[in-house]
>>> print(open('protein.cif').read())   # mmCIF, C-alpha atoms
data_model
loop_
_atom_site.label_atom_id
_atom_site.label_comp_id
_atom_site.auth_asym_id
_atom_site.auth_seq_id
_atom_site.Cartn_x
_atom_site.Cartn_y
_atom_site.Cartn_z
CA MET Z 900 0.00 0.00 0.00
CA ASN Z 901 1.46 3.35 -1.12
CA GLU Z 902 0.63 5.63 1.81
CA ALA Z 903 2.44 8.55 0.17
CA LEU Z 904 0.15 8.26 -2.87
CA LEU Z 905 -2.96 8.27 -0.67
CA ARG Z 906 -1.72 11.29 1.24
CA SER Z 907 -0.93 13.20 -1.97
CA LEU Z 908 -4.38 12.50 -3.47
CA THR Z 909 -6.36 13.43 -0.37
CA PRO Z 910 -6.48 17.24 -0.91
CA SER Z 911 -7.68 16.94 -4.52
CA VAL Z 912 -10.38 14.42 -3.63
CA LEU Z 913 -11.51 16.60 -0.72
CA GLY Z 914 -11.61 19.65 -3.01
CA ILE Z 915 -13.76 17.86 -5.58
CA LEU Z 916 -16.33 16.88 -2.92
CA VAL Z 917 -16.47 20.43 -1.53
CA ARG Z 918 -16.99 21.91 -5.00
CA ARG Z 919 -19.85 19.46 -5.62
CA GLY Z 920 -21.75 20.68 -2.59
CA ALA Z 921 -20.48 18.72 0.39
CA ASP Z 922 -19.87 20.74 3.54
CA PHE Z 923 -16.28 20.46 4.70
CA ALA Z 924 -16.77 18.27 7.78
CA ALA Z 925 -18.95 15.74 5.91
CA ALA Z 926 -16.55 15.72 2.96
CA GLU Z 927 -13.58 15.04 5.20
CA ASP Z 928 -15.40 12.13 6.88
CA ALA Z 929 -16.27 10.68 3.47
CA VAL Z 930 -12.69 10.97 2.23
CA GLN Z 931 -11.38 9.31 5.37
CA ASP Z 932 -13.84 6.44 4.83
CA ALA Z 933 -12.61 6.12 1.24
CA LEU Z 934 -8.99 5.99 2.41
CA VAL Z 935 -9.82 3.22 4.87
CA GLU Z 936 -11.55 1.31 2.08
CA ALA Z 937 -8.52 1.82 -0.17
CA VAL Z 938 -6.21 0.35 2.46
CA ARG Z 939 -8.49 -2.69 2.64
CA VAL Z 940 -9.12 -3.22 -1.08
CA TRP Z 941 -6.13 -1.96 -3.06
CA PRO Z 942 -3.51 -4.55 -2.03
CA ALA Z 943 -5.57 -7.29 -3.68
CA ASP Z 944 -7.27 -5.22 -6.39
CA PRO Z 945 -5.40 -1.97 -7.20
CA PRO Z 946 -7.41 0.47 -9.36
CA ARG Z 947 -6.18 1.74 -12.71
CA ASP Z 948 -7.11 5.30 -11.74
CA ALA Z 949 -6.44 5.80 -8.02
CA LYS Z 950 -7.81 9.33 -7.86
CA GLY Z 951 -11.00 8.48 -9.76
CA TRP Z 952 -11.57 5.49 -7.49
CA LEU Z 953 -11.21 7.62 -4.36
CA VAL Z 954 -13.55 10.32 -5.72
CA THR Z 955 -16.22 7.74 -6.58
CA VAL Z 956 -16.04 5.93 -3.25
CA ALA Z 957 -15.84 9.14 -1.21
CA TRP Z 958 -18.81 10.65 -3.03
CA ARG Z 959 -20.87 7.53 -2.44
CA ARG Z 960 -19.96 7.58 1.26
CA PHE Z 961 -20.97 11.24 1.45
CA LEU Z 962 -24.31 10.51 -0.21
CA ASP Z 963 -24.92 7.55 2.09
CA ALA Z 964 -24.28 9.72 5.15
CA THR Z 965 -26.50 12.45 3.74
CA ARG Z 966 -29.43 10.12 3.19
CA ALA Z 967 -29.02 8.65 6.67
CA ASP Z 968 -29.31 12.05 8.31
CA ALA Z 969 -32.93 13.13 8.41
CA ALA Z 970 -31.91 16.76 8.95
CA ARG Z 971 -30.12 16.72 5.60
CA ARG Z 972 -32.70 14.97 3.43
CA ARG Z 973 -32.71 17.99 1.13
CA ARG Z 974 -29.40 16.75 -0.29
CA GLU Z 975 -30.83 13.49 -1.64
CA ASP Z 976 -31.22 15.03 -5.09
CA LEU Z 977 -27.43 14.95 -5.39
CA VAL Z 978 -27.64 11.19 -5.99
CA ASP Z 979 -28.14 11.82 -9.71
CA GLU Z 980 -24.90 13.78 -9.82
CA GLU Z 981 -22.74 10.87 -8.73
CA PRO Z 982 -19.62 10.95 -10.90
CA ALA Z 983 -19.22 8.08 -13.34
CA PRO Z 984 -16.20 5.82 -12.90
CA GLY Z 985 -13.21 6.99 -14.90
CA PRO Z 986 -10.34 9.45 -14.78
CA ALA Z 987 -10.92 12.44 -12.50
CA PRO Z 988 -10.01 15.98 -13.57
CA ALA Z 989 -6.32 16.77 -13.14
CA VAL Z 990 -6.87 19.83 -10.94
CA ASP Z 991 -4.69 20.73 -7.96
CA ASP Z 992 -7.04 22.13 -5.32
CA THR Z 993 -4.60 21.93 -2.44
CA LEU Z 994 -3.73 25.61 -2.11
CA GLN Z 995 -7.38 26.58 -2.55
CA LEU Z 996 -8.27 24.21 0.29
CA TYR Z 997 -5.67 25.88 2.50
CA PHE Z 998 -7.43 29.20 1.95
CA LEU Z 999 -10.88 27.70 2.46
CA CYS Z 1000 -9.83 26.12 5.75
CA ALA Z 1001 -8.61 29.55 6.88
CA HIS Z 1002 -12.27 30.61 6.88
CA PRO Z 1003 -13.19 33.99 8.43
CA SER Z 1004 -15.59 32.22 10.81
CA LEU Z 1005 -12.60 30.54 12.51
CA THR Z 1006 -9.94 32.04 14.73
CA PRO Z 1007 -6.47 31.89 13.14
CA SER Z 1008 -5.28 29.20 15.56
CA SER Z 1009 -8.35 27.03 14.90
CA ALA Z 1010 -8.01 27.51 11.14
CA VAL Z 1011 -4.38 26.44 11.23
CA ALA Z 1012 -5.17 23.36 13.33
CA LEU Z 1013 -8.05 22.32 11.06
CA THR Z 1014 -5.96 22.71 7.90
CA LEU Z 1015 -3.02 20.79 9.29
CA ARG Z 1016 -5.33 17.93 10.26
CA ALA Z 1017 -7.63 17.82 7.24
CA VAL Z 1018 -5.35 18.86 4.38
CA GLY Z 1019 -1.80 18.70 5.68
CA GLY Z 1020 -2.09 15.11 6.87
CA LEU Z 1021 -0.62 15.74 10.32
CA THR Z 1022 -1.89 13.86 13.34
CA THR Z 1023 -3.54 15.63 16.27
CA ARG Z 1024 -0.49 14.78 18.38
CA GLN Z 1025 1.92 16.39 15.89
CA ILE Z 1026 -0.19 19.55 15.75
CA ALA Z 1027 -0.39 19.68 19.55
CA GLN Z 1028 3.40 19.47 19.77
CA ALA Z 1029 3.77 22.33 17.30
CA TYR Z 1030 1.44 24.48 19.41
CA LEU Z 1031 2.90 23.40 22.77
CA VAL Z 1032 -0.49 22.25 24.09
CA PRO Z 1033 -1.78 18.86 25.34
CA GLU Z 1034 -3.09 16.50 22.67
CA ALA Z 1035 -6.58 16.47 24.25
CA THR Z 1036 -6.73 20.28 24.07
CA MET Z 1037 -5.82 20.24 20.39
CA ALA Z 1038 -8.38 17.51 19.67
CA GLN Z 1039 -11.08 19.69 21.20
CA ARG Z 1040 -9.92 22.70 19.19
CA ILE Z 1041 -10.09 20.75 15.93
CA SER Z 1042 -13.53 19.35 16.80
CA ARG Z 1043 -14.84 22.85 17.53
CA ALA Z 1044 -13.42 24.09 14.24
CA LYS Z 1045 -15.19 21.29 12.34
CA ARG Z 1046 -18.49 22.12 14.06
CA THR Z 1047 -18.05 25.80 13.26
CA VAL Z 1048 -17.59 25.27 9.54
CA SER Z 1049 -20.12 22.46 9.22
CA GLY Z 1050 -22.76 23.68 6.79
CA VAL Z 1051 -20.91 26.96 6.14
CA ARG Z 1052 -20.55 28.06 2.52
CA PHE Z 1053 -16.88 28.14 1.57
CA ASP Z 1054 -17.14 31.24 -0.60
CA ARG Z 1055 -15.03 33.54 1.62
CA PRO Z 1056 -11.42 32.37 1.73
CA GLY Z 1057 -9.24 33.19 4.70
CA ASP Z 1058 -6.29 35.54 4.88
CA VAL Z 1059 -2.75 35.05 3.64
CA ALA Z 1060 -1.19 35.23 7.11
CA THR Z 1061 -3.09 32.17 8.31
CA VAL Z 1062 -2.22 30.19 5.17
CA LEU Z 1063 1.45 31.11 5.59
CA ARG Z 1064 1.37 29.88 9.18
CA VAL Z 1065 -0.07 26.56 8.03
CA LEU Z 1066 2.49 26.13 5.27
CA TYR Z 1067 5.28 26.94 7.73
CA LEU Z 1068 4.13 24.31 10.21
CA VAL Z 1069 3.60 21.71 7.48
CA PHE Z 1070 7.15 22.35 6.25
CA ASN Z 1071 8.59 22.08 9.74
CA GLU Z 1072 6.85 18.74 10.33
CA GLY Z 1073 8.10 17.45 6.99
CA TYR Z 1074 11.62 18.70 7.69
CA SER Z 1075 11.67 16.84 10.98
CA GLY Z 1076 11.45 13.58 9.05
CA ASP Z 1077 8.31 12.26 10.79
CA VAL Z 1078 6.15 12.95 7.74
CA ASP Z 1079 7.71 13.86 4.37
CA LEU Z 1080 5.75 17.04 3.70
CA ALA Z 1081 8.60 19.52 3.19
CA ALA Z 1082 8.72 19.29 -0.61
CA GLU Z 1083 4.93 19.65 -0.81
CA ALA Z 1084 5.04 22.76 1.39
CA ILE Z 1085 7.69 24.29 -0.88
CA ARG Z 1086 5.62 23.48 -3.97
CA LEU Z 1087 2.53 25.16 -2.54
CA THR Z 1088 4.49 28.19 -1.34
CA ARG Z 1089 5.91 28.58 -4.85
CA GLN Z 1090 2.37 28.58 -6.19
CA LEU Z 1091 1.37 31.20 -3.64
CA ALA Z 1092 4.41 33.37 -4.43
CA ALA Z 1093 3.52 33.23 -8.13
CA ALA Z 1094 -0.05 34.29 -7.41
CA ILE Z 1095 0.51 36.92 -4.68
CA ASP Z 1096 3.09 39.70 -4.58
CA HIS Z 1097 3.72 39.70 -0.83
CA PRO Z 1098 7.13 40.05 0.90
CA GLU Z 1099 6.25 37.56 3.64
CA VAL Z 1100 5.25 34.93 1.07
CA ALA Z 1101 8.66 35.47 -0.52
CA GLY Z 1102 10.28 35.36 2.92
CA LEU Z 1103 8.67 32.02 3.72
CA LEU Z 1104 9.71 30.54 0.37
CA ALA Z 1105 13.30 31.73 0.94
CA LEU Z 1106 13.29 30.25 4.45
CA MET Z 1107 12.07 26.88 3.17
CA LEU Z 1108 14.65 26.75 0.38
CA LEU Z 1109 17.52 27.64 2.72
CA HIS Z 1110 16.54 25.00 5.26
CA HIS Z 1111 15.78 22.37 2.63
CA ALA Z 1112 19.21 22.91 1.09
CA ARG Z 1113 20.76 21.34 4.21
CA ARG Z 1114 18.36 18.43 4.52
CA ALA Z 1115 20.65 15.74 3.10
CA THR Z 1116 23.25 16.47 5.77
CA ARG Z 1117 20.98 16.56 8.81
CA THR Z 1118 21.16 12.81 9.42
CA ALA Z 1119 23.94 10.25 9.22
CA PRO Z 1120 23.57 7.00 7.23
CA ASP Z 1121 22.42 5.25 10.41
CA GLY Z 1122 19.63 7.82 10.87
CA SER Z 1123 21.24 9.68 13.75
CA LEU Z 1124 21.01 13.48 13.89
CA VAL Z 1125 23.96 15.59 12.77
CA PRO Z 1126 24.14 19.01 14.48
CA LEU Z 1127 24.48 22.06 12.20
CA ALA Z 1128 28.08 22.69 13.25
CA GLU Z 1129 29.07 19.15 12.24
CA GLN Z 1130 27.26 18.97 8.89
CA ASP Z 1131 29.22 18.55 5.66
CA ARG Z 1132 28.70 21.96 4.08
CA GLY Z 1133 30.10 20.69 0.80
CA ARG Z 1134 26.92 18.63 0.42
CA TRP Z 1135 24.55 21.54 0.91
CA ASP Z 1136 22.43 22.34 -2.16
CA THR Z 1137 24.07 25.54 -3.41
CA THR Z 1138 21.41 26.05 -6.10
CA SER Z 1139 18.64 26.19 -3.49
CA ILE Z 1140 20.77 28.44 -1.28
CA ALA Z 1141 21.41 30.88 -4.13
CA GLU Z 1142 17.72 30.96 -5.03
CA GLY Z 1143 16.69 31.45 -1.41
CA VAL Z 1144 19.15 34.30 -0.88
CA GLU Z 1145 18.04 36.03 -4.09
CA ILE Z 1146 14.36 35.79 -3.12
CA LEU Z 1147 15.14 37.03 0.40
CA GLN Z 1148 17.15 40.03 -0.78
CA ALA Z 1149 14.31 41.12 -3.06
CA ALA Z 1150 11.82 40.80 -0.20
CA LEU Z 1151 13.98 42.71 2.31
CA ALA Z 1152 14.48 45.50 -0.22
CA ARG Z 1153 10.77 46.30 0.05
CA ASP Z 1154 11.27 47.35 3.69
CA ARG Z 1155 8.22 45.49 5.02
CA LEU Z 1156 9.93 43.17 7.45
CA GLY Z 1157 8.04 40.17 8.79
CA GLU Z 1158 8.93 37.13 10.86
CA PHE Z 1159 9.54 34.80 7.92
CA GLN Z 1160 11.94 37.25 6.30
CA ALA Z 1161 13.80 37.58 9.60
CA GLN Z 1162 14.02 33.80 10.00
CA ALA Z 1163 15.22 33.48 6.41
CA ALA Z 1164 17.93 36.07 7.11
CA ILE Z 1165 19.21 33.92 9.98
CA ALA Z 1166 19.17 30.82 7.76
CA ALA Z 1167 21.05 32.76 5.06
CA LEU Z 1168 23.78 33.75 7.52
CA HIS Z 1169 24.26 30.08 8.43
CA ALA Z 1170 24.32 29.10 4.75
CA ASP Z 1171 26.82 31.86 3.93
CA ALA Z 1172 29.41 30.74 6.51
CA PRO Z 1173 32.13 28.54 4.92
CA THR Z 1174 32.63 26.84 8.31
CA ALA Z 1175 30.74 26.75 11.59
CA GLU Z 1176 33.52 28.79 13.21
CA GLU Z 1177 33.06 31.59 10.67
CA THR Z 1178 29.34 32.03 11.38
CA ASP Z 1179 28.41 35.68 12.01
CA TRP Z 1180 26.75 35.09 15.38
CA VAL Z 1181 26.64 38.80 16.27
CA GLN Z 1182 24.47 39.53 13.26
CA ILE Z 1183 22.36 36.44 13.99
CA VAL Z 1184 21.66 37.77 17.51
CA GLU Z 1185 20.54 41.06 15.95
CA TRP Z 1186 18.10 39.20 13.71
CA TYR Z 1187 16.78 37.24 16.69
CA ASP Z 1188 16.18 40.57 18.42
CA GLU Z 1189 14.08 41.62 15.42
CA LEU Z 1190 12.21 38.31 15.54
CA ALA Z 1191 11.52 38.67 19.26
CA ARG Z 1192 10.13 42.13 18.60
CA LEU Z 1193 7.88 40.82 15.83
CA THR Z 1194 6.59 37.66 17.51
CA ASP Z 1195 7.41 37.70 21.24
CA SER Z 1196 7.71 33.91 20.89
CA PRO Z 1197 9.35 32.03 23.78
CA LEU Z 1198 10.86 29.57 21.30
CA ILE Z 1199 12.48 32.46 19.42
CA ARG Z 1200 13.96 33.67 22.71
CA LEU Z 1201 15.21 30.15 23.39
CA ASN Z 1202 17.04 30.08 20.06
CA ARG Z 1203 18.31 33.58 20.75
CA ALA Z 1204 19.93 32.33 23.96
CA VAL Z 1205 21.95 29.84 21.90
CA ALA Z 1206 23.04 32.60 19.53
CA VAL Z 1207 24.00 34.85 22.46
CA GLY Z 1208 26.04 31.99 23.88
CA GLU Z 1209 27.94 31.72 20.60
CA ALA Z 1210 28.41 35.46 20.14
CA ASP Z 1211 29.18 36.53 23.74
CA GLY Z 1212 30.14 33.31 25.47
CA PRO Z 1213 28.23 30.51 27.22
CA ARG Z 1214 27.64 32.43 30.45
CA ALA Z 1215 25.92 35.21 28.53
CA GLY Z 1216 23.79 32.55 26.87
CA LEU Z 1217 22.92 31.01 30.23
CA ALA Z 1218 21.95 34.45 31.55
CA ALA Z 1219 19.58 34.90 28.59
CA LEU Z 1220 18.22 31.40 29.17
CA ALA Z 1221 17.55 32.09 32.86
CA ALA Z 1222 14.79 34.53 31.90
CA LEU Z 1223 12.81 31.78 30.14
CA ASP Z 1224 10.42 29.12 31.44
CA ASP Z 1225 12.38 25.89 31.96
CA LEU Z 1226 9.30 23.92 30.83
CA LEU Z 1227 9.77 25.10 27.26
CA PRO Z 1228 10.46 22.29 24.77
CA ARG Z 1229 14.23 21.79 24.30
CA HIS Z 1230 15.03 24.17 27.18
CA ALA Z 1231 17.03 21.42 28.91
CA ALA Z 1232 18.91 20.61 25.69
CA VAL Z 1233 19.91 24.25 25.22
CA ALA Z 1234 20.96 24.51 28.86
CA ALA Z 1235 23.03 21.33 28.51
CA TYR Z 1236 24.83 22.67 25.45
CA LEU Z 1237 25.65 25.99 27.13
CA HIS Z 1238 26.83 24.31 30.34
CA GLU Z 1239 29.05 22.00 28.31
CA ARG Z 1240 30.62 24.97 26.54
CA ASP Z 1241 31.15 26.57 29.96
CA GLY Z 1242 33.03 23.49 31.14
CA ASP Z 1243 30.42 22.16 33.60
CA LEU Z 1244 30.30 18.62 32.25
CA ALA Z 1245 28.40 17.10 35.18
CA THR Z 1246 25.50 19.54 34.86
CA ALA Z 1247 25.55 19.25 31.08
CA ALA Z 1248 25.38 15.43 31.18
CA ARG Z 1249 22.47 15.52 33.63
CA LEU Z 1250 20.58 18.03 31.48
CA TYR Z 1251 21.21 16.07 28.26
CA ALA Z 1252 19.72 12.98 29.93
CA GLU Z 1253 16.75 15.03 31.14
CA ALA Z 1254 16.25 16.48 27.65
CA ALA Z 1255 16.34 12.98 26.14
CA GLN Z 1256 13.40 11.93 28.30
CA LYS Z 1257 11.36 14.86 26.93
CA ALA Z 1258 12.44 14.52 23.29
CA PRO Z 1259 9.53 14.63 20.79
CA ASN Z 1260 10.93 11.90 18.53
CA LEU Z 1261 13.23 8.88 18.63
CA ALA Z 1262 16.06 10.42 16.57
CA GLU Z 1263 16.35 13.41 18.88
CA ARG Z 1264 16.09 11.19 21.97
CA ASP Z 1265 18.93 9.00 20.71
CA HIS Z 1266 21.08 12.03 19.91
CA LEU Z 1267 20.63 13.57 23.37
CA THR Z 1268 21.23 10.22 25.07
CA ARG Z 1269 24.52 9.86 23.18
CA GLN Z 1270 25.51 13.38 24.21
CA ALA Z 1271 24.93 12.52 27.88
CA ALA Z 1272 26.90 9.27 27.51
CA ARG Z 1273 29.76 11.08 25.78
CA LEU Z 1274 30.11 13.59 28.63
CA ASN Z 1275 29.84 10.92 31.32
CA ALA Z 1276 32.60 8.97 29.59
CA ARG Z 1277 34.82 12.07 29.51
CA ARG Z 1278 34.24 12.65 33.22
CA CYS Z 1279 35.30 9.08 34.06
CA ARG Z 1280 38.67 9.30 32.30
#
>>> encode(input="protein.cif", output="structure tokens")
Amino acid sequence: MNEALLRSLTPSVLGILVRRGADFAAAEDAVQDALVEAVRVWPADPPRDAKGWLVTVAWRRFLDATRADAARRRREDLVDEEPAPGPAPAVDDTLQLYFLCAHPSLTPSSAVALTLRAVGGLTTRQIAQAYLVPEATMAQRISRAKRTVSGVRFDRPGDVATVLRVLYLVFNEGYSGDVDLAAEAIRLTRQLAAAIDHPEVAGLLALMLLHHARRATRTAPDGSLVPLAEQDRGRWDTTSIAEGVEILQAALARDRLGEFQAQAAIAALHADAPTAEETDWVQIVEWYDELARLTDSPLIRLNRAVAVGEADGPRAGLAALAALDDLLPRHAAVAAYLHERDGDLATAARLYAEAAQKAPNLAERDHLTRQAARLNARRCR
């Protein structure tokens, strides 16, 4: 069973059902039913036209649910419009669905959560981790969003800022390696940049390209994480870096700074350094100051503490870290790194072990565990 194929077809199938009159919540349920049926049937009897098969089955499931609901009997006349088996139109509705999910009737946070779940293919747990909230809280938020848009006409698309936030989170999840969505996020952001002349759209595209250029070097052959300072810069994709820098420079020249442009500027400074030792950390701290002003995000301030530690020394970094909540994700890992650089190996080893217990994925947990073991071994010599 090709799960990647199913995931790639889901947005188009969902878009077709919405255009034919299904409200979003009912359409999503029907598509999910069709996907379950595909997992059951396709291994033994794969269809010649996967998309057409999914559209047909999903539409039938939607009609079945409609007829079963007495409050929606008015939709029974849609039975005659059931699409005939055969190739489905080759239309990419994904970006349109992103805008439709960012509906004005939803708050931005609810719109992002709904889109990530329904169109982006992320699990509720992954979305909850991105928002730093419990999984149960995020499940309730998504359920409320579905109820809000149930029966709503999707003729008023949402704003660009919400769509950019969704694309950014989808890219980050794909870049982490848990779900391979990074390339899809770049593709959609390219489409958006071609359609909308907006410096933050350009900034996000530049940020994605600069990060994606390093992807091949982020993990070793055995799957273990490779920190930025240890990556083989000769394997970075220089074509993507050049494109990202060019797009960023054009966006910054418009003097309408936003958070994605600022993040892209930081990524460009990393990409521009021939070696880790030649990184312009002073300028990176200045960009983090701009980011903190724009977003007031605790995670931005956490990353800033690392940059301060590189620019002004580990004790300055620890002083910046002391002002932050130690419950923040990766707070212990940052503290461990700064303590190690300050020469306090015992504290660093303890904090690496603590960070490993809180790691959001297996690769990061293994990396932090190895860091703790490495320091403990050094202390025993």
>>> closest_residue(input="protein.cif", among="Z:Leu934, Z:Ala1255, Z:Glu1209, Z:Gln1025", to="Glu1177 of chain Z", atoms="all atoms listed in the file")
Z:Glu1209
>>> closest_residue(input="protein.cif", among="Z:Arg1155, Z:Arg959, Z:Arg918, Z:Arg1264", to="Gln995 of chain Z", atoms="only C-alpha atoms")
Z:Arg918
>>> resolve_selection(input="protein.cif", expression="the PyMOL selection byres ((chain Z and resi 1043) around 12)", output="MDAnalysis selection string")
chainID Z and resid 924 1004:1006 1008:1010 1012:1013 1036:1042 1044:1049
>>> residues_around(input="protein.cif", residues="Leu1237 of chain Z", least_positions_apart="5", cutoff="10 Å", atoms="all atoms listed in the file", output="MDAnalysis selection string")
chainID Z and resid 1204:1205 1208:1209 1212:1217 1220 1231:1232 1242:1243 1247
>>> closest_residue(input="protein.cif", among="Z:Gly1133, Z:Pro1033, Z:Pro1259, Z:Pro1007", to="Ala1060 of chain Z", atoms="only C-alpha atoms")
Z:Pro1007
>>> build_atoms(input="protein.cif", residues="segment 1198-1222 of chain Z", atoms="N, CA and C atoms", output="mmCIF file, in the frame of the given file")
data_model
loop_
_atom_site.group_PDB
_atom_site.id
_atom_site.type_symbol
_atom_site.label_atom_id
_atom_site.label_comp_id
_atom_site.auth_asym_id
_atom_site.auth_seq_id
_atom_site.Cartn_x
_atom_site.Cartn_y
_atom_site.Cartn_z
ATOM 1 N N LEU Z 1198 9.935 30.442 22.022
ATOM 2 C CA LEU Z 1198 10.860 29.570 21.300
ATOM 3 C C LEU Z 1198 11.909 30.389 20.552
ATOM 4 N N ILE Z 1199 11.511 31.558 20.058
ATOM 5 C CA ILE Z 1199 12.480 32.460 19.420
ATOM 6 C C ILE Z 1199 13.505 32.912 20.448
ATOM 7 N N ARG Z 1200 13.046 33.231 21.653
ATOM 8 C CA ARG Z 1200 13.960 33.670 22.710
ATOM 9 C C ARG Z 1200 14.875 32.524 23.155
ATOM 10 N N LEU Z 1201 14.372 31.310 23.072
ATOM 11 C CA LEU Z 1201 15.210 30.150 23.390
ATOM 12 C C LEU Z 1201 16.349 30.025 22.381
ATOM 13 N N ASN Z 1202 16.006 30.142 21.099
ATOM 14 C CA ASN Z 1202 17.040 30.080 20.060
ATOM 15 C C ASN Z 1202 17.994 31.266 20.171
ATOM 16 N N ARG Z 1203 17.459 32.408 20.571
ATOM 17 C CA ARG Z 1203 18.310 33.580 20.750
ATOM 18 C C ARG Z 1203 19.357 33.331 21.839
ATOM 19 N N ALA Z 1204 18.983 32.615 22.890
ATOM 20 C CA ALA Z 1204 19.930 32.330 23.960
ATOM 21 C C ALA Z 1204 21.120 31.527 23.432
ATOM 22 N N VAL Z 1205 20.856 30.598 22.519
ATOM 23 C CA VAL Z 1205 21.950 29.840 21.900
ATOM 24 C C VAL Z 1205 22.862 30.782 21.131
ATOM 25 N N ALA Z 1206 22.242 31.671 20.326
ATOM 26 C CA ALA Z 1206 23.040 32.600 19.530
ATOM 27 C C ALA Z 1206 23.859 33.534 20.418
ATOM 28 N N VAL Z 1207 23.269 34.007 21.516
ATOM 29 C CA VAL Z 1207 24.000 34.850 22.460
ATOM 30 C C VAL Z 1207 25.180 34.084 23.044
ATOM 31 N N GLY Z 1208 24.958 32.807 23.354
ATOM 32 C CA GLY Z 1208 26.040 31.990 23.880
ATOM 33 C C GLY Z 1208 27.195 31.841 22.908
ATOM 34 N N GLU Z 1209 26.891 31.812 21.617
ATOM 35 C CA GLU Z 1209 27.940 31.720 20.600
ATOM 36 C C GLU Z 1209 28.625 33.060 20.397
ATOM 37 N N ALA Z 1210 27.853 34.143 20.429
ATOM 38 C CA ALA Z 1210 28.410 35.460 20.140
ATOM 39 C C ALA Z 1210 29.170 36.042 21.333
ATOM 40 N N ASP Z 1211 28.628 35.869 22.549
ATOM 41 C CA ASP Z 1211 29.180 36.530 23.740
ATOM 42 C C ASP Z 1211 29.699 35.573 24.795
ATOM 43 N N GLY Z 1212 29.650 34.283 24.510
ATOM 44 C CA GLY Z 1212 30.140 33.310 25.470
ATOM 45 C C GLY Z 1212 29.014 32.577 26.166
ATOM 46 N N PRO Z 1213 29.297 31.351 26.653
ATOM 47 C CA PRO Z 1213 28.230 30.510 27.220
ATOM 48 C C PRO Z 1213 27.560 31.112 28.452
ATOM 49 N N ARG Z 1214 28.279 31.874 29.258
ATOM 50 C CA ARG Z 1214 27.640 32.430 30.450
ATOM 51 C C ARG Z 1214 26.622 33.509 30.076
ATOM 52 N N ALA Z 1215 26.908 34.256 29.024
ATOM 53 C CA ALA Z 1215 25.920 35.210 28.530
ATOM 54 C C ALA Z 1215 24.690 34.488 28.008
ATOM 55 N N GLY Z 1216 24.912 33.351 27.347
ATOM 56 C CA GLY Z 1216 23.790 32.550 26.870
ATOM 57 C C GLY Z 1216 22.963 32.003 28.003
ATOM 58 N N LEU Z 1217 23.633 31.536 29.061
ATOM 59 C CA LEU Z 1217 22.920 31.010 30.230
ATOM 60 C C LEU Z 1217 22.131 32.121 30.928
ATOM 61 N N ALA Z 1218 22.662 33.324 30.943
ATOM 62 C CA ALA Z 1218 21.950 34.450 31.550
ATOM 63 C C ALA Z 1218 20.674 34.749 30.749
ATOM 64 N N ALA Z 1219 20.764 34.689 29.423
ATOM 65 C CA ALA Z 1219 19.580 34.900 28.590
ATOM 66 C C ALA Z 1219 18.575 33.773 28.790
ATOM 67 N N LEU Z 1220 19.086 32.560 28.981
ATOM 68 C CA LEU Z 1220 18.220 31.400 29.170
ATOM 69 C C LEU Z 1220 17.498 31.459 30.511
ATOM 70 N N ALA Z 1221 18.121 32.042 31.510
ATOM 71 C CA ALA Z 1221 17.550 32.090 32.860
ATOM 72 C C ALA Z 1221 16.236 32.862 32.899
ATOM 73 N N ALA Z 1222 16.016 33.734 31.927
ATOM 74 C CA ALA Z 1222 14.790 34.530 31.900
ATOM 75 C C ALA Z 1222 13.613 33.766 31.303
#
